[in-house]
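Participant: Input file: start-v4.tsv. Contents: TSV, C-alpha atoms.
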chain	number	residue	atom	x	y	z
A	85	MET	CA	29.33	-45.16	1.66
A	86	LEU	CA	27.39	-44.12	4.76
A	87	LEU	CA	26.25	-40.61	5.62
A	88	ASP	CA	28.53	-38.99	8.21
A	89	VAL	CA	26.18	-37.67	10.89
A	90	SER	CA	28.93	-36.83	13.40
A	91	PRO	CA	28.49	-33.02	13.02
A	92	LEU	CA	24.98	-33.43	14.42
A	93	SER	CA	26.38	-34.86	17.65
A	94	ARG	CA	29.41	-32.56	17.90
A	95	TYR	CA	27.86	-29.15	17.27
A	96	ARG	CA	24.76	-28.27	19.31
A	97	ASP	CA	23.89	-25.12	17.34
A	98	TYR	CA	24.36	-26.88	14.02
A	99	ARG	CA	22.09	-29.71	15.25
A	100	LEU	CA	19.39	-27.17	16.20
A	101	LEU	CA	19.72	-25.45	12.83
A	102	PHE	CA	19.60	-28.76	10.97
A	103	ILE	CA	16.53	-30.05	12.82
A	104	GLY	CA	14.68	-26.75	12.54
A	105	GLN	CA	15.42	-26.41	8.84
A	106	LEU	CA	14.53	-30.04	8.15
A	107	ILE	CA	11.11	-29.54	9.72
A	108	SER	CA	10.66	-26.18	8.03
A	109	PHE	CA	11.69	-27.56	4.63
A	110	LEU	CA	9.22	-30.44	4.97
A	111	GLY	CA	6.51	-27.87	5.62
A	112	THR	CA	7.64	-25.78	2.67
A	113	MET	CA	7.41	-28.80	0.40
A	114	VAL	CA	3.89	-29.43	1.71
A	115	SER	CA	2.97	-25.92	0.56
A	116	TYR	CA	4.76	-26.41	-2.75
A	117	MET	CA	2.30	-29.23	-3.28
A	118	ALA	CA	-0.71	-27.33	-1.92
A	119	VAL	CA	-0.31	-24.03	-3.79
A	120	PRO	CA	-0.52	-25.36	-7.37
A	121	TYR	CA	-3.24	-27.77	-6.30
A	122	GLN	CA	-5.26	-24.87	-4.88
A	123	VAL	CA	-4.67	-22.67	-7.94
A	124	TYR	CA	-5.86	-25.46	-10.21
A	125	ALA	CA	-8.86	-26.18	-7.97
A	126	LEU	CA	-9.85	-22.51	-8.09
A	127	THR	CA	-9.19	-21.84	-11.80
A	128	HIS	CA	-9.30	-25.25	-13.53
A	129	SER	CA	-6.54	-23.82	-15.71
A	130	ASN	CA	-3.11	-25.29	-16.39
A	131	ALA	CA	-2.03	-21.87	-17.65
A	132	TRP	CA	-2.64	-20.31	-14.23
A	133	VAL	CA	-0.65	-23.08	-12.59
A	134	GLY	CA	2.18	-22.46	-15.07
A	135	ALA	CA	2.05	-18.72	-14.36
A	136	LEU	CA	2.57	-19.57	-10.72
A	137	GLY	CA	6.05	-20.85	-11.63
A	138	LEU	CA	6.94	-17.47	-13.14
A	139	VAL	CA	5.66	-15.67	-10.05
A	140	GLN	CA	7.92	-17.87	-7.93
A	141	LEU	CA	11.03	-17.63	-10.10
A	142	GLY	CA	11.39	-13.86	-10.45
A	143	PRO	CA	11.45	-12.93	-6.75
A	144	VAL	CA	13.67	-15.83	-5.67
A	145	VAL	CA	16.30	-14.89	-8.27
A	146	ALA	CA	16.16	-11.14	-7.63
A	147	PHE	CA	16.05	-11.36	-3.86
A	148	GLY	CA	18.53	-14.24	-3.74
A	149	LEU	CA	21.19	-11.85	-4.98
A	150	LEU	CA	20.25	-9.27	-2.36
A	151	GLY	CA	19.95	-11.93	0.31
A	152	GLY	CA	23.54	-13.02	-0.22
A	153	THR	CA	24.73	-9.45	0.25
A	154	TYR	CA	22.74	-8.99	3.45
A	155	ALA	CA	23.80	-12.39	4.81
A	156	ASP	CA	27.39	-11.18	4.65
A	157	ARG	CA	26.69	-7.90	6.44
A	158	ILE	CA	24.24	-8.55	9.26
A	159	ASN	CA	23.70	-11.13	11.97
A	160	ARG	CA	22.74	-14.30	10.11
A	161	ARG	CA	20.79	-15.82	13.00
A	162	LYS	CA	18.66	-12.68	13.30
A	163	LEU	CA	18.14	-12.64	9.55
A	164	LEU	CA	16.96	-16.25	9.73
A	165	LEU	CA	14.63	-15.46	12.64
A	166	VAL	CA	13.08	-12.56	10.74
A	167	SER	CA	12.86	-14.57	7.51
A	168	GLU	CA	11.25	-17.57	9.19
A	169	SER	CA	8.79	-15.29	11.00
A	170	LEU	CA	7.82	-13.53	7.76
A	171	MET	CA	7.46	-16.83	5.93
A	172	ALA	CA	5.22	-18.13	8.73
A	173	LEU	CA	3.04	-15.01	8.44
A	174	LEU	CA	2.80	-15.36	4.66
A	175	ILE	CA	1.83	-19.02	4.95
A	176	GLY	CA	-0.66	-17.89	7.59
A	177	GLY	CA	-2.08	-15.58	4.92
A	178	LEU	CA	-2.46	-18.52	2.54
A	179	PHE	CA	-4.16	-20.45	5.36
A	180	VAL	CA	-6.62	-17.61	6.06
A	181	ASN	CA	-7.30	-17.15	2.34
A	182	SER	CA	-8.01	-20.87	2.00
A	183	LEU	CA	-10.66	-20.63	4.73
A	184	LEU	CA	-12.65	-17.97	2.88
A	185	PRO	CA	-15.87	-19.03	1.15
A	186	GLU	CA	-14.30	-17.90	-2.14
A	187	PRO	CA	-10.48	-17.90	-1.80
A	188	SER	CA	-8.72	-15.29	-3.94
A	189	VAL	CA	-6.38	-16.54	-6.67
A	190	ILE	CA	-4.77	-13.10	-6.79
A	191	ALA	CA	-4.05	-13.31	-3.05
A	192	VAL	CA	-2.38	-16.68	-3.60
A	193	PHE	CA	-0.15	-15.20	-6.31
A	194	VAL	CA	0.76	-12.14	-4.23
A	195	LEU	CA	1.48	-14.18	-1.09
A	196	VAL	CA	3.58	-16.69	-3.05
A	197	ALA	CA	5.58	-13.88	-4.69
A	198	LEU	CA	6.25	-12.33	-1.28
A	199	LEU	CA	7.11	-15.75	0.15
A	200	GLN	CA	9.68	-16.35	-2.57
A	201	SER	CA	11.13	-12.88	-1.99
A	202	VAL	CA	11.72	-13.72	1.67
A	203	THR	CA	13.12	-17.11	0.69
A	204	GLY	CA	15.73	-15.24	-1.35
A	205	PHE	CA	17.03	-13.73	1.89
A	206	HIS	CA	16.63	-16.91	3.92
A	207	ARG	CA	18.70	-19.41	1.94
A	208	PRO	CA	21.99	-17.45	1.72
A	209	ALA	CA	21.82	-16.63	5.44
A	210	MET	CA	21.26	-20.28	6.32
A	211	GLU	CA	24.15	-21.47	4.15
A	212	ALA	CA	26.50	-18.80	5.50
A	213	LEU	CA	25.51	-19.48	9.11
A	214	THR	CA	26.08	-23.21	8.69
A	215	GLN	CA	29.74	-22.61	7.81
A	216	LYS	CA	30.19	-20.58	11.00
A	217	LEU	CA	28.78	-23.33	13.22
A	218	VAL	CA	31.14	-26.18	12.27
A	219	ALA	CA	34.87	-26.64	11.82
A	220	ALA	CA	36.26	-26.58	8.28
A	221	GLU	CA	37.12	-30.29	8.39
A	222	ASP	CA	33.40	-31.07	8.75
A	223	TYR	CA	32.26	-29.09	5.69
A	224	ALA	CA	32.05	-32.23	3.53
A	225	ALA	CA	29.88	-34.05	6.07
A	226	VAL	CA	27.71	-30.95	6.50
A	227	GLY	CA	27.32	-30.68	2.73
A	228	ALA	CA	26.18	-34.30	2.57
A	229	LEU	CA	23.73	-33.72	5.43
A	230	SER	CA	22.39	-30.63	3.68
A	231	SER	CA	21.89	-32.65	0.51
A	232	PHE	CA	20.15	-35.37	2.51
A	233	ARG	CA	17.87	-32.77	4.15
A	234	SER	CA	16.94	-31.32	0.76
A	235	SER	CA	16.44	-34.65	-0.99
A	236	SER	CA	14.40	-36.20	1.79
A	237	GLY	CA	12.31	-33.04	2.08
A	238	MET	CA	11.62	-33.00	-1.66
A	239	ILE	CA	10.42	-36.60	-1.48
A	240	VAL	CA	8.61	-36.76	1.85
A	241	GLY	CA	7.19	-33.20	1.83
A	242	PRO	CA	4.98	-33.50	-1.27
A	243	MET	CA	3.87	-36.97	-0.17
A	244	LEU	CA	2.93	-35.54	3.21
A	245	GLY	CA	1.23	-32.64	1.41
A	246	GLY	CA	-0.91	-35.04	-0.60
A	247	LEU	CA	-1.89	-36.92	2.54
A	248	LEU	CA	-2.71	-33.70	4.39
A	249	ILE	CA	-4.77	-32.33	1.50
A	250	ALA	CA	-6.68	-35.62	1.26
A	251	ALA	CA	-7.34	-35.72	5.00
A	252	PHE	CA	-7.71	-32.04	5.96
A	253	GLY	CA	-7.94	-30.06	2.73
A	254	ILE	CA	-5.77	-27.20	1.53
A	255	SER	CA	-6.18	-25.40	4.86
A	256	GLY	CA	-4.71	-28.37	6.73
A	257	ALA	CA	-1.66	-28.36	4.46
A	258	TYR	CA	-1.07	-24.64	5.00
A	259	LEU	CA	-1.54	-25.02	8.75
A	260	ALA	CA	1.05	-27.82	8.82
A	261	ASP	CA	3.53	-25.57	7.00
A	262	ALA	CA	2.88	-22.68	9.40
A	263	LEU	CA	3.53	-25.01	12.34
A	264	SER	CA	6.76	-26.19	10.71
A	265	PHE	CA	8.00	-22.59	10.69
A	266	PHE	CA	7.16	-22.37	14.39
A	267	ALA	CA	9.35	-25.42	15.03
A	268	ALA	CA	12.20	-23.81	13.08
A	269	LEU	CA	11.81	-20.59	15.06
A	270	VAL	CA	12.02	-22.50	18.34
A	271	CYS	CA	15.24	-24.17	17.19
A	272	LEU	CA	16.74	-20.88	15.99
A	273	ALA	CA	15.81	-19.14	19.24
A	274	ARG	CA	17.59	-21.86	21.24
A	275	MET	CA	20.84	-21.44	19.29
Would you encode the structure as structure tokens?
Facilitator:
Amino acid sequence: MLLDVSPLSRYRDYRLLFIGQLISFLGTMVSYMAVPYQVYALTHSNAWVGALGLVQLGPVVAFGLLGGTYADRINRRKLLLVSESLMALLIGGLFVNSLLPEPSVIAVFVLVALLQSVTGFHRPAMEALTQKLVAAEDYAAVGALSSFRSSSGMIVGPMLGGLLIAAFGISGAYLADALSFFAALVCLARM
């Protein structure tokens, strides 16, 4: 069975959202590779890397519930623009921290917790907006495309992250993620 890509050609705004979110998700997966790598490089402790998972889980669960409520009540496109902008700023904070002579592990944890909080608002808004951009008969194809975007991002993003870290260090990985948010913002603004 082949992937039905027809919604990408039929719906301009959906195509912009898909492309922007694909690029943004690739960047996010680069950072998901870079953050634990940096924490381990700074602490040489598996326990600190494990604690990072707890710091990520709590906010995404708590704010995911709130994000769904807000996605139903306010303009989803504006919510995505604000969320993407905040996530870009937070990744920018990780980038700046990584440039310091002695990067702060606490700053990494705080920035990651804030990033996951914003992600909790972002995801429900994106999913709800997607359903408004396409006709109901294309929901199955859009679901398959969304799954493809996620799967390919989860495979290619960390690989790209490893290559970026090897070539440009942690700072290069964070910079790539920040630029991916810029690409997503451009796509959202054009919708």
Participant: Using the file's own x, y and z axes, what box holds all listed atoms of range 160-171 of chain A with 4 Å on each side, keeping edges along x, y and z, and what are its centre and edge lengths in Å to one decimal, as JSON?
Facilitator:
{"center_x": 15.1, "center_y": -15.1, "center_z": 9.6, "size_x": 23.3, "size_y": 13.0, "size_z": 15.4}
Participant: Name the residues in contact with Val119 in chain A at a cut-off of 9 Å, using only C-alpha atoms, excluding same-chain residues fewer than 5 positions from it; report them as a list in words.
Facilitator: Val114, Tyr124, Val133, Leu136, Leu178, Val192, Val196, Ile254 and Tyr258 of chain A
Participant: Env of range 249-252 of chain A: 10 Å cut, atoms = only C-alpha atoms, seq-sep filter 5 positions within chain, self excluded. Answer as a list in words.
Facilitator: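 Residues meeting the cut-off are Val114, Met117, Ala118, Tyr121, Gln122, Met243, Leu244, Ala257, Tyr258 and Leu259 of chain A.
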Participant: Would you please work out which residue, of A:Ile190, A:Ala197, A:Met238, A:Val218, is nearest to Trp132 in chain A when using all atoms listed in the file?
Facilitator: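 Nearest candidate to Trp132 in chain A out of A:Ile190, A:Ala197, A:Met238, A:Val218: A:Ile190.
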Participant: Give me the residues within 9 Å of Pro187 in chain A as number ranges by chain, counting all atoms listed in the file and dropping any in the same chain fewer than 6 places off.
Facilitator: A: 126, 180-181
Participant: To one decimal in Å, tell me the separation between CA of Leu138 in chain A and CA of Gly227 in chain A.
Facilitator: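 Computing it gives 29.0 Å between the two atoms.
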Participant: Separation of CA of Asp97 in chain A and CA of Phe266 in chain A, in Å?
Facilitator: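 We find that CA of Asp97 in chain A and CA of Phe266 in chain A lie 17.2 Å from each other.
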Participant: Return the single residue from A:Leu198, A:Glu221, A:Gly142, A:Leu247 that is closest to Leu173 in chain A, with distances computed using only C-alpha atoms.
Facilitator: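 Closest to Leu173 in chain A, using only C-alpha atoms: A:Leu198.
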Participant: What does the structure give for the distance between CA of Ala135 in chain A and CA of Met171 in chain A, in Å to one decimal?
Facilitator: 21.1 Å
Participant: So which one's closest to Phe109 in chain A, A:Arg207, A:Gly256, A:Tyr154, A:Val226? Using only C-alpha atoms, please.
Facilitator: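 For Phe109 in chain A, the nearest of the candidates is A:Arg207.
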Participant: Hey, what's within 12 Å of Asp222 in chain A if we count all atoms listed in the file and toss same-chain stuff fewer than 4 positions away? As an mmCIF file with C-alpha atoms, in the frame of the given file, please?
Facilitator:
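Result saved to out23.cif:
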data_model
loop_
_atom_site.group_PDB
_atom_site.id
_atom_site.type_symbol
_atom_site.label_atom_id
_atom_site.label_comp_id
_atom_site.auth_asym_id
_atom_site.auth_seq_id
_atom_site.Cartn_x
_atom_site.Cartn_y
_atom_site.Cartn_z
ATOM 1 C CA ASP A 88 28.530 -38.990 8.210
ATOM 2 C CA VAL A 89 26.180 -37.670 10.890
ATOM 3 C CA SER A 90 28.930 -36.830 13.400
ATOM 4 C CA PRO A 91 28.490 -33.020 13.020
ATOM 5 C CA LEU A 92 24.980 -33.430 14.420
ATOM 6 C CA SER A 93 26.380 -34.860 17.650
ATOM 7 C CA ARG A 94 29.410 -32.560 17.900
ATOM 8 C CA TYR A 95 27.860 -29.150 17.270
ATOM 9 C CA TYR A 98 24.360 -26.880 14.020
ATOM 10 C CA THR A 214 26.080 -23.210 8.690
ATOM 11 C CA GLN A 215 29.740 -22.610 7.810
ATOM 12 C CA LYS A 216 30.190 -20.580 11.000
ATOM 13 C CA LEU A 217 28.780 -23.330 13.220
ATOM 14 C CA VAL A 218 31.140 -26.180 12.270
ATOM 15 C CA VAL A 226 27.710 -30.950 6.500
ATOM 16 C CA GLY A 227 27.320 -30.680 2.730
ATOM 17 C CA ALA A 228 26.180 -34.300 2.570
ATOM 18 C CA LEU A 229 23.730 -33.720 5.430
#
Participant: With distances taken over all atoms listed in the file, which of A:Leu101, A:Leu164, A:Val194, A:Leu106 is nearest to Gly177 in chain A?
Facilitator: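 Using all atoms listed in the file, Gly177 in chain A sits closest to A:Val194.
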Participant: Between A:Gln140, A:Ser167, A:Ser230, A:Ser129, single out the one closest to Gln200 in chain A, counting all atoms listed in the file.
Facilitator: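 Of A:Gln140, A:Ser167, A:Ser230, A:Ser129, the one nearest Gln200 in chain A is A:Gln140, counting all atoms listed in the file.
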Participant: With only C-alpha atoms as the atoms that count, which of A:Ser108, A:Ser115, A:Asn130, A:Leu87 lies nearest to Pro242 in chain A?
Facilitator: A:Ser115
Participant: Excluding Leu263 in chain A and its own-chain neighbours fewer than 4 positions away, which residues fall within 8 Å of it when counting all atoms listed in the file? Please give them as an NGL selection string.
Facilitator: :A and (111 or 172 or 259 or 267)
